[in-house]
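Asker: Dropping the structure in here first, questions after.
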Amino acid sequence: MSAPIVIAGAGLAGALLAAQLASAGHRVALYERRGDMRRVPVAAGRSINLALAARGWEGLRRANATQQVLEYALPMRGRMLHDRTGQTQFQTYGLNAEEVIWSVHRGHLNQTLIDVAAAAGAELHFHTALHSVDFDARRAVFVDERDGSQQAVAFDVLIGADGAGSAVRAAMEAEKPLGQHTDFLDHGYKELTIPPLADGGPALSPDALHIWPRGGYMLIALPNPDQSFTATLFLPHEGEISFASRSDPQVAREWFAQDFADALALIPDFEQQYREHPVGILGTLRCPHWRRGDRALLIGDAAHAIVPFHGQGMNCAFEDCVELLDLIETRTRQGVVDWERLFADFEAARRPNAHAIAEMALENYIEMRDSVADPGYQLRRQLELALAQRLPGHFIPRYSMVMFTSIPYARARERGELQRALLQELTAGHSSLDQIDLGAAAAAVAQRLPKLS
Ligand SMILES: Cc1cc2nc3c(=O)[nH]c(=O)nc-3n(C[C@H](O)[C@H](O)[C@H](O)COP(=O)(O)OP(=O)(O)OC[C@H]3O[C@@H](n4cnc5c(N)ncnc54)[C@H](O)[C@@H]3O)c2cc1C
């Protein structure tokens with residue numbers, strides 16, 4: 001029997017790809033460093049819930065996992081802004097009831113994907129961390145980190161889905177430098193749980209992504225199915241208002257009482273959580289090479305980890321899986337698969353898009369923590385929604401292109417730039433939407449921007 005496609009990492013991308021490939025009839029073996037997450041609880045304090053959007057759903061659809069995930073995914077219709085006095089303002093995300101993003105529990109989603117992969121016939125191996133790779137011999141060595149025992153595994157091709165600290169990437173780098181670089185953000189994050197109220201109900205409206213924008217930093221919260229919320233504080237590591245200057249939980253409480261008073265009132269064990277939950281680091285991985293001949297390919301965070309401010313890291317990784325699956329399926333139908341060419345085509349297609357979403361994710365941090373509360377931003381946002389309603393398929397807000405469509409990220413970014421300049425021009429000198437001639441604005445868009453194909 002020929003060697004299988006071996007996937008290192010049964011996280012979100014690895015498990016999804018295994019499910020998709022196995023469903024399509026390929027022989028696939030999945031090796032995961034940790035234990036079986038369907039049996040061990042997921043550690044608290046590490047991106048507990050994630051925003052799932054159109055590209056992610058497409059990945060799930062292609063693995064027949066949509067129904068399972070819908071059972072626990074929670075729709076978020078828009079962002080709820082909280083100001084320092086506790087006043088809230090709701091900003092819708094989409095143009096209609098379908099344009100929502102979904103809060104999903106990372107652990108549940110990962111468990112579902114592993115279940116689906118197993119049911120589709122993928123081989124699963126846990127407590128197997130990739131240790132080293134002999135690319136020429138098509139052989140990888142995995143180690144059980146509990147006792148150091150090793151096993152050598154033959155592969156047809158090796159897919160590195162082992163996350164930002166990828167061992168597959170390290171093995172490729174050891175052979176030939178990849179020119180990779182990680183730009184670490186000078187901001188980090190800490191997660192805090194907002195429990196349900198005493199009557200079991202949610203402490204915040206459950207159909208929104210809550211944001212406390214404070215200029216240089218922010219707090220956000222996403223709903224969980226048990227009526228709790230996972231809040232995430234994004235803050236500089238160093239400086240006047242920073243994790244360094246707010247390391248003492250009592251000092252942090254006093255600061256929260258000024259900046260996030262309504263949120264603080266909902267976290268009874270604030271000090272304990274603040275002390276115990278770690279500060280996570282964030283960065284953008286820029287890796288110019290994702291492949292090693294016809295032997296190995298990186299996908300997901302292993303190839304292009306990004307900051308989380310557009311909620312797209314997983315969605316982008318799932319889109320990688322769909323595009324890779326499509327290439328494999330097409331080439332398989334055509335006859336023998338030339339892996340080297342296939343990997344090159346995958347990289348050529350995905351690289352510009354991975355770069356674009358990495359940049360848009362960085363830009364969105366400023367939008368979330370600062371611009372959303374700015375009246376000029378709010379007017380441009382109102383105008384873009386009005387234009388989108390008047391010119392369907394001709395004007396789609398950049399946020400919507402990224403979250404609600406599969407328009408390639410690079411195209412969305414390029415088009416978004418043109419639209420931003422036009423919105424700026426059309427709102428200049430105005431302070432409310434009724435001062436703007438919407439007919440003339442729509443005509444300007446129709447004349448100056450080509451229709452989106
Ligand atoms: C705070 C935060 C919030 C985020 N929010 C969102 C969001 O709202 N929406 C969104 O789309 N994305 C979000 N992301 C990004 C998202 O988490 C990642 O993009 C996604 O997890 C990438 O999936 P992956 O499978 O490539 O990597 P991972 O999920 O990191 O999975 C890698 C897997 O490989 C395993 N592994 C590691 N080393 C080895 C080894 N040597 N051998 C074998 N296995 C190994 C790991 O144990 C893990 O299971 C967020 C990230 C952070 C940090």
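In the structure tokens, the first chain shown is A, the next is B, and so on; residue numbers restart at 1 for each chain, and ligands run from 1 in the order shown.
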Taking only C-alpha atoms and all ligand atoms into account, which residues have an atom no farther than 8 Å from ligand 1? I'd like them as number ranges by chain.
Answerer: A: 8-15, 31-34, 46-53, 56, 103, 106, 128-131, 142, 161-168, 189, 232, 280-282, 299-303, 305-317
Asker: Among range 231-438 of chain A, which residues carry a DSSP assignment of alpha helix (DSSP H), reported as JSON, numbers by chain?
Answerer: {"A": [249, 250, 251, 252, 253, 254, 255, 256, 257, 258, 259, 261, 262, 263, 264, 270, 271, 272, 273, 274, 275, 276, 301, 302, 303, 304, 313, 314, 315, 316, 317, 318, 319, 320, 321, 322, 323, 324, 325, 326, 327, 328, 329, 330, 331, 332, 333, 334, 339, 340, 341, 342, 343, 344, 345, 346, 347, 348, 349, 350, 351, 352, 353, 354, 355, 356, 357, 358, 359, 360, 361, 362, 363, 364, 365, 366, 367, 368, 369, 375, 376, 377, 378, 379, 380, 381, 382, 383, 384, 385, 386, 387, 388, 389, 390, 398, 399, 400, 401, 402, 403, 404, 409, 410, 411, 412, 413, 414, 415, 416, 417, 418, 419, 420, 421, 422, 423, 424, 425, 426, 427, 438]}
Asker: List every residue of range 235-330 of chain A that has an atom at most 9 Å from any atom of range 181-187 of chain A, giving for each one its closest atom pair and the distance in Å to one decimal, counting only C-alpha atoms, sorted by chain and then by ascending residue number, as a Markdown table.
Answerer:
| residue | atom | partner | partner_atom | distance |
| --- | --- | --- | --- | --- |
| A:Leu235 | CA | A:His187 | CA | 5.2 |
| A:Pro236 | CA | A:His187 | CA | 3.9 |
| A:His237 | CA | A:His187 | CA | 5.3 |
| A:Glu238 | CA | A:Asp186 | CA | 7.7 |
| A:Ser242 | CA | A:His187 | CA | 8.4 |
| A:Phe243 | CA | A:His187 | CA | 8.8 |
| A:Ile281 | CA | A:His187 | CA | 7.4 |
| A:Leu282 | CA | A:Leu185 | CA | 5.6 |
| A:Gly283 | CA | A:Phe184 | CA | 4.1 |
| A:Thr284 | CA | A:Asp183 | CA | 5.2 |
| A:Leu285 | CA | A:Thr182 | CA | 4.3 |
| A:Arg286 | CA | A:His181 | CA | 5.2 |
| A:Cys287 | CA | A:His181 | CA | 6.2 |
| A:Pro288 | CA | A:His181 | CA | 8.9 |
| A:Ala305 | CA | A:Thr182 | CA | 8.8 |
| A:Val307 | CA | A:Leu185 | CA | 8.2 |
Asker: Could you jot down the CA of Val157 in chain A to CA of His355 in chain A separation for me, Å, one decimal place?
Answerer: 25.1 Å
Asker: Using only C-alpha atoms, find the one residue out of A:Gly94, A:Leu158, A:Gln150, A:Trp57 that sits nearest to Leu30 in chain A.
Answerer: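 Nearest candidate to Leu30 in chain A out of A:Gly94, A:Leu158, A:Gln150, A:Trp57: A:Leu158.
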Asker: When DSSP is applied to the backbone of this structure, which of range 185-324 of chain A are assigned strand (DSSP E or B)? Write them out as a VMD selection string.
Answerer: chain A and resid 185 to 194 208 to 213 218 to 223 229 to 236 280 to 286 291 to 292 296 to 298
Asker: Go ahead and save the residues from that selection, with N, CA and C atoms, as a compact mmCIF listing (two decimals), in the first residue's frame.
Answerer:
# COMPACT_ATOMS: atom_id res chain seq x y z
N LEU A 185 3.63 41.96 17.58
CA LEU A 185 2.92 43.20 17.87
C LEU A 185 3.34 43.65 19.27
N ASP A 186 3.42 44.95 19.49
CA ASP A 186 3.78 45.37 20.85
C ASP A 186 2.56 45.38 21.78
N HIS A 187 1.46 44.76 21.31
CA HIS A 187 0.28 44.57 22.16
C HIS A 187 0.08 43.06 22.38
N GLY A 188 -0.43 42.71 23.55
CA GLY A 188 -0.75 41.31 23.83
C GLY A 188 -2.21 41.20 24.23
N TYR A 189 -2.61 40.03 24.72
CA TYR A 189 -4.02 39.85 25.10
C TYR A 189 -4.16 38.97 26.33
N LYS A 190 -5.26 39.20 27.04
CA LYS A 190 -5.58 38.38 28.22
C LYS A 190 -7.08 38.11 28.19
N GLU A 191 -7.44 36.85 28.42
CA GLU A 191 -8.87 36.50 28.38
C GLU A 191 -9.47 36.48 29.78
N LEU A 192 -10.73 36.91 29.87
CA LEU A 192 -11.47 36.94 31.13
C LEU A 192 -12.88 36.42 30.85
N THR A 193 -13.41 35.62 31.75
CA THR A 193 -14.75 35.09 31.52
C THR A 193 -15.80 35.93 32.23
N ILE A 194 -16.84 36.29 31.50
CA ILE A 194 -18.00 36.97 32.11
C ILE A 194 -19.06 35.88 32.30
N ALA A 208 -24.44 39.86 19.80
CA ALA A 208 -23.51 40.91 19.35
C ALA A 208 -22.09 40.57 19.79
N LEU A 209 -21.14 41.15 19.06
CA LEU A 209 -19.73 41.13 19.50
C LEU A 209 -19.54 42.47 20.24
N HIS A 210 -19.24 42.38 21.52
CA HIS A 210 -19.16 43.60 22.34
C HIS A 210 -17.75 44.19 22.27
N ILE A 211 -17.69 45.50 22.13
CA ILE A 211 -16.37 46.18 22.08
C ILE A 211 -16.39 47.38 23.00
N TRP A 212 -15.32 47.49 23.78
CA TRP A 212 -15.09 48.67 24.60
C TRP A 212 -13.87 49.37 23.98
N PRO A 213 -14.08 50.22 22.96
CA PRO A 213 -12.91 50.84 22.28
C PRO A 213 -12.35 51.98 23.10
N MET A 218 -8.28 48.00 23.87
CA MET A 218 -9.72 47.69 23.87
C MET A 218 -9.99 46.39 24.61
N LEU A 219 -11.26 46.25 24.95
CA LEU A 219 -11.77 44.99 25.50
C LEU A 219 -12.85 44.53 24.52
N ILE A 220 -12.91 43.23 24.23
CA ILE A 220 -14.01 42.72 23.41
C ILE A 220 -14.62 41.52 24.14
N ALA A 221 -15.84 41.14 23.76
CA ALA A 221 -16.44 39.94 24.36
C ALA A 221 -17.32 39.24 23.34
N LEU A 222 -17.16 37.92 23.27
CA LEU A 222 -17.98 37.09 22.37
C LEU A 222 -18.80 36.12 23.20
N PRO A 223 -20.05 35.83 22.75
CA PRO A 223 -20.93 34.95 23.54
C PRO A 223 -20.56 33.47 23.43
N PHE A 229 -19.70 34.84 28.53
CA PHE A 229 -18.98 35.53 27.45
C PHE A 229 -17.50 35.37 27.70
N THR A 230 -16.73 35.27 26.63
CA THR A 230 -15.29 35.33 26.79
C THR A 230 -14.85 36.73 26.38
N ALA A 231 -14.31 37.46 27.35
CA ALA A 231 -13.82 38.81 27.07
C ALA A 231 -12.32 38.73 26.83
N THR A 232 -11.82 39.56 25.94
CA THR A 232 -10.37 39.60 25.68
C THR A 232 -9.90 41.05 25.76
N LEU A 233 -8.92 41.25 26.61
CA LEU A 233 -8.33 42.58 26.76
C LEU A 233 -7.10 42.65 25.86
N PHE A 234 -7.08 43.61 24.93
CA PHE A 234 -5.91 43.83 24.07
C PHE A 234 -5.25 45.12 24.54
N LEU A 235 -3.97 45.04 24.86
CA LEU A 235 -3.29 46.14 25.55
C LEU A 235 -1.80 46.10 25.22
N PRO A 236 -1.12 47.28 25.17
CA PRO A 236 0.33 47.23 24.95
C PRO A 236 1.03 46.43 26.06
N GLY A 280 -1.11 36.66 26.29
CA GLY A 280 -0.70 36.02 25.03
C GLY A 280 0.03 37.00 24.14
N ILE A 281 0.90 36.47 23.30
CA ILE A 281 1.59 37.33 22.34
C ILE A 281 0.92 37.20 20.97
N LEU A 282 1.08 38.24 20.17
CA LEU A 282 0.44 38.28 18.85
C LEU A 282 1.48 38.67 17.81
N GLY A 283 1.37 38.13 16.63
CA GLY A 283 2.35 38.50 15.60
C GLY A 283 1.88 38.10 14.22
N THR A 284 2.61 38.62 13.23
CA THR A 284 2.34 38.28 11.83
C THR A 284 3.55 37.53 11.29
N LEU A 285 3.30 36.29 10.86
CA LEU A 285 4.39 35.49 10.29
C LEU A 285 4.49 35.79 8.80
N ARG A 286 5.67 36.23 8.38
CA ARG A 286 5.89 36.46 6.95
C ARG A 286 6.93 35.44 6.49
N ARG A 291 6.79 25.62 0.81
CA ARG A 291 6.80 24.25 0.27
C ARG A 291 8.23 23.75 0.13
N ARG A 292 8.33 22.42 0.06
CA ARG A 292 9.64 21.79 -0.14
C ARG A 292 9.44 20.79 -1.28
N ALA A 296 6.58 18.53 0.71
CA ALA A 296 5.92 19.12 1.88
C ALA A 296 5.34 20.50 1.58
N LEU A 297 4.26 20.81 2.31
CA LEU A 297 3.57 22.09 2.14
C LEU A 297 3.08 22.58 3.50
N LEU A 298 3.15 23.89 3.72
CA LEU A 298 2.60 24.49 4.94
C LEU A 298 1.24 25.09 4.63
Asker: Take CA of Gly25 in chain A and CA of Thr66 in chain A and report the distance between them in Å, one decimal.
Answerer: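 Computing it gives 19.4 Å between the two atoms.
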Asker: Can you pull out the residues contacting Ile407 in chain A? Cut-off 10 Å, using only C-alpha atoms, and skip same-chain residues under 6 positions away; I want them as an mmCIF file with C-alpha atoms, in the first residue's frame.
Answerer:
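Once everything was written out, this is selection.cif:
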data_model
loop_
_atom_site.group_PDB
_atom_site.id
_atom_site.type_symbol
_atom_site.label_atom_id
_atom_site.label_comp_id
_atom_site.auth_asym_id
_atom_site.auth_seq_id
_atom_site.Cartn_x
_atom_site.Cartn_y
_atom_site.Cartn_z
ATOM 1 C CA ARG A 55 -14.972 31.367 4.203
ATOM 2 C CA ASN A 353 -4.384 36.647 -0.328
ATOM 3 C CA SER A 400 -18.548 42.534 4.157
ATOM 4 C CA MET A 401 -16.249 41.399 1.340
ATOM 5 C CA ARG A 413 -8.216 44.978 -0.044
ATOM 6 C CA LEU A 452 -17.599 43.594 -8.875
ATOM 7 C CA SER A 453 -17.467 40.324 -10.765
#
Asker: Residues at most 8 Å from Leu433 in chain A, counting only C-alpha atoms, excluding those fewer than 6 positions away in the same chain, as a PyMOL selection string?
Answerer: chain A and resi 379+382-383
Asker: Those same residues, written as a PDB file, in the first residue's frame with N, CA, C and O atoms?
Answerer:
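As a result, selection-v7.pdb now contains:
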ATOM      1  N   LEU A 379     -20.196  57.983  10.056  1.00  0.00           N
ATOM      2  CA  LEU A 379     -20.885  58.528   8.879  1.00  0.00           C
ATOM      3  C   LEU A 379     -20.473  57.753   7.610  1.00  0.00           C
ATOM      4  O   LEU A 379     -21.325  57.383   6.792  1.00  0.00           O
ATOM      5  N   GLN A 382     -22.276  54.510   7.633  1.00  0.00           N
ATOM      6  CA  GLN A 382     -23.702  54.638   7.246  1.00  0.00           C
ATOM      7  C   GLN A 382     -23.812  54.800   5.734  1.00  0.00           C
ATOM      8  O   GLN A 382     -24.668  54.204   5.086  1.00  0.00           O
ATOM      9  N   LEU A 383     -22.922  55.613   5.184  1.00  0.00           N
ATOM     10  CA  LEU A 383     -22.978  55.846   3.739  1.00  0.00           C
ATOM     11  C   LEU A 383     -22.661  54.555   2.988  1.00  0.00           C
ATOM     12  O   LEU A 383     -23.321  54.228   1.995  1.00  0.00           O
TER      13      LEU A 383
END
Asker: Would you please work out which residue, of A:Met172, A:Ala198, A:Asp134, A:Tyr93, is nearest to Glu384 in chain A when using only C-alpha atoms?
Answerer: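 Result for the nearest residue to Glu384 in chain A: A:Tyr93.
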Asker: Which polymer residues have any atom within 12 Å of an atom of range 425-430 of chain A, counting only C-alpha atoms, with same-chain residues fewer than 6 positions away left out, as a PDB file with N, CA and C atoms, in the first residue's frame?
Answerer:
ATOM      1  N   PRO A 375     -17.134  59.842  15.020  1.00  0.00           N
ATOM      2  CA  PRO A 375     -18.311  60.222  14.221  1.00  0.00           C
ATOM      3  C   PRO A 375     -18.044  60.193  12.717  1.00  0.00           C
ATOM      4  N   GLY A 376     -16.832  60.573  12.290  1.00  0.00           N
ATOM      5  CA  GLY A 376     -16.496  60.546  10.854  1.00  0.00           C
ATOM      6  C   GLY A 376     -16.558  59.116  10.326  1.00  0.00           C
ATOM      7  N   TYR A 377     -16.013  58.167  11.096  1.00  0.00           N
ATOM      8  CA  TYR A 377     -16.062  56.751  10.711  1.00  0.00           C
ATOM      9  C   TYR A 377     -17.511  56.295  10.626  1.00  0.00           C
ATOM     10  N   GLN A 378     -18.308  56.702  11.634  1.00  0.00           N
ATOM     11  CA  GLN A 378     -19.702  56.233  11.678  1.00  0.00           C
ATOM     12  C   GLN A 378     -20.490  56.755  10.480  1.00  0.00           C
ATOM     13  N   LEU A 379     -20.196  57.983  10.056  1.00  0.00           N
ATOM     14  CA  LEU A 379     -20.885  58.528   8.879  1.00  0.00           C
ATOM     15  C   LEU A 379     -20.473  57.753   7.610  1.00  0.00           C
ATOM     16  N   ARG A 380     -19.178  57.502   7.482  1.00  0.00           N
ATOM     17  CA  ARG A 380     -18.718  56.739   6.304  1.00  0.00           C
ATOM     18  C   ARG A 380     -19.350  55.343   6.299  1.00  0.00           C
ATOM     19  N   ARG A 381     -19.477  54.775   7.485  1.00  0.00           N
ATOM     20  CA  ARG A 381     -20.084  53.444   7.599  1.00  0.00           C
ATOM     21  C   ARG A 381     -21.560  53.484   7.181  1.00  0.00           C
ATOM     22  N   GLN A 382     -22.276  54.510   7.633  1.00  0.00           N
ATOM     23  CA  GLN A 382     -23.702  54.638   7.246  1.00  0.00           C
ATOM     24  C   GLN A 382     -23.812  54.800   5.734  1.00  0.00           C
ATOM     25  N   LEU A 383     -22.922  55.613   5.184  1.00  0.00           N
ATOM     26  CA  LEU A 383     -22.978  55.846   3.739  1.00  0.00           C
ATOM     27  C   LEU A 383     -22.661  54.555   2.988  1.00  0.00           C
ATOM     28  N   GLU A 384     -21.690  53.809   3.459  1.00  0.00           N
ATOM     29  CA  GLU A 384     -21.357  52.596   2.697  1.00  0.00           C
ATOM     30  C   GLU A 384     -22.491  51.570   2.754  1.00  0.00           C
ATOM     31  N   LEU A 387     -25.062  52.836   0.278  1.00  0.00           N
ATOM     32  CA  LEU A 387     -24.622  52.576  -1.108  1.00  0.00           C
ATOM     33  C   LEU A 387     -24.732  51.091  -1.453  1.00  0.00           C
ATOM     34  N   LEU A 418     -10.056  51.762  -2.922  1.00  0.00           N
ATOM     35  CA  LEU A 418     -10.762  52.674  -3.842  1.00  0.00           C
ATOM     36  C   LEU A 418     -12.043  53.180  -3.187  1.00  0.00           C
ATOM     37  N   GLN A 419     -12.756  52.271  -2.543  1.00  0.00           N
ATOM     38  CA  GLN A 419     -14.017  52.639  -1.908  1.00  0.00           C
ATOM     39  C   GLN A 419     -13.793  53.605  -0.749  1.00  0.00           C
ATOM     40  N   ILE A 436     -26.231  64.251   2.704  1.00  0.00           N
ATOM     41  CA  ILE A 436     -25.575  63.714   1.490  1.00  0.00           C
ATOM     42  C   ILE A 436     -26.628  63.322   0.457  1.00  0.00           C
ATOM     43  N   ASP A 437     -26.411  63.735  -0.787  1.00  0.00           N
ATOM     44  CA  ASP A 437     -27.319  63.366  -1.877  1.00  0.00           C
ATOM     45  C   ASP A 437     -26.978  61.919  -2.283  1.00  0.00           C
ATOM     46  N   LEU A 438     -27.813  60.976  -1.818  1.00  0.00           N
ATOM     47  CA  LEU A 438     -27.485  59.563  -2.026  1.00  0.00           C
ATOM     48  C   LEU A 438     -27.537  59.167  -3.506  1.00  0.00           C
ATOM     49  N   GLY A 439     -28.455  59.811  -4.242  1.00  0.00           N
ATOM     50  CA  GLY A 439     -28.547  59.529  -5.682  1.00  0.00           C
ATOM     51  C   GLY A 439     -27.248  59.901  -6.376  1.00  0.00           C
ATOM     52  N   ALA A 440     -26.742  61.097  -6.035  1.00  0.00           N
ATOM     53  CA  ALA A 440     -25.497  61.561  -6.668  1.00  0.00           C
ATOM     54  C   ALA A 440     -24.322  60.693  -6.214  1.00  0.00           C
ATOM     55  N   ALA A 441     -24.346  60.303  -4.939  1.00  0.00           N
ATOM     56  CA  ALA A 441     -23.252  59.463  -4.426  1.00  0.00           C
ATOM     57  C   ALA A 441     -23.246  58.117  -5.153  1.00  0.00           C
ATOM     58  N   ALA A 442     -24.450  57.543  -5.322  1.00  0.00           N
ATOM     59  CA  ALA A 442     -24.540  56.246  -6.012  1.00  0.00           C
ATOM     60  C   ALA A 442     -24.081  56.389  -7.471  1.00  0.00           C
ATOM     61  N   ALA A 443     -24.447  57.509  -8.095  1.00  0.00           N
ATOM     62  CA  ALA A 443     -24.029  57.727  -9.489  1.00  0.00           C
ATOM     63  C   ALA A 443     -22.507  57.826  -9.573  1.00  0.00           C
ATOM     64  N   ALA A 444     -21.888  58.492  -8.584  1.00  0.00           N
ATOM     65  CA  ALA A 444     -20.420  58.625  -8.582  1.00  0.00           C
ATOM     66  C   ALA A 444     -19.768  57.249  -8.462  1.00  0.00           C
ATOM     67  N   VAL A 445     -20.350  56.403  -7.595  1.00  0.00           N
ATOM     68  CA  VAL A 445     -19.785  55.046  -7.436  1.00  0.00           C
ATOM     69  C   VAL A 445     -19.925  54.278  -8.747  1.00  0.00           C
TER      70      VAL A 445
END
Asker: For Ala257 in chain A, find every residue with an atom within 12 Å (counting only C-alpha atoms), except residues of its own chain fewer than 4 positions away, and show them as a ChimeraX atom specification.
Answerer: /A:84-86,250-253,261-267,270
Asker: May I have the residues within 12 Å of Ala348 in chain A as number ranges by chain, using only C-alpha atoms and disregarding those fewer than 2 positions away in the same chain?
Answerer: A: 288-291, 320, 323-324, 341-346, 350-355
Asker: Using only C-alpha atoms, find the one residue out of A:Val104, A:His26, A:Ser205, A:Ser149 that sits nearest to Thr88 in chain A.
Answerer: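 So, comparing all the options, the nearest one is A:Ser205.
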Asker: Under the rule that only C-alpha atoms are counted, which of A:Ala203, A:Asp36, A:Leu16, A:Arg246 is the nearest residue to Glu58 in chain A?
Answerer: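 The closest residue to Glu58 in chain A is A:Leu16.
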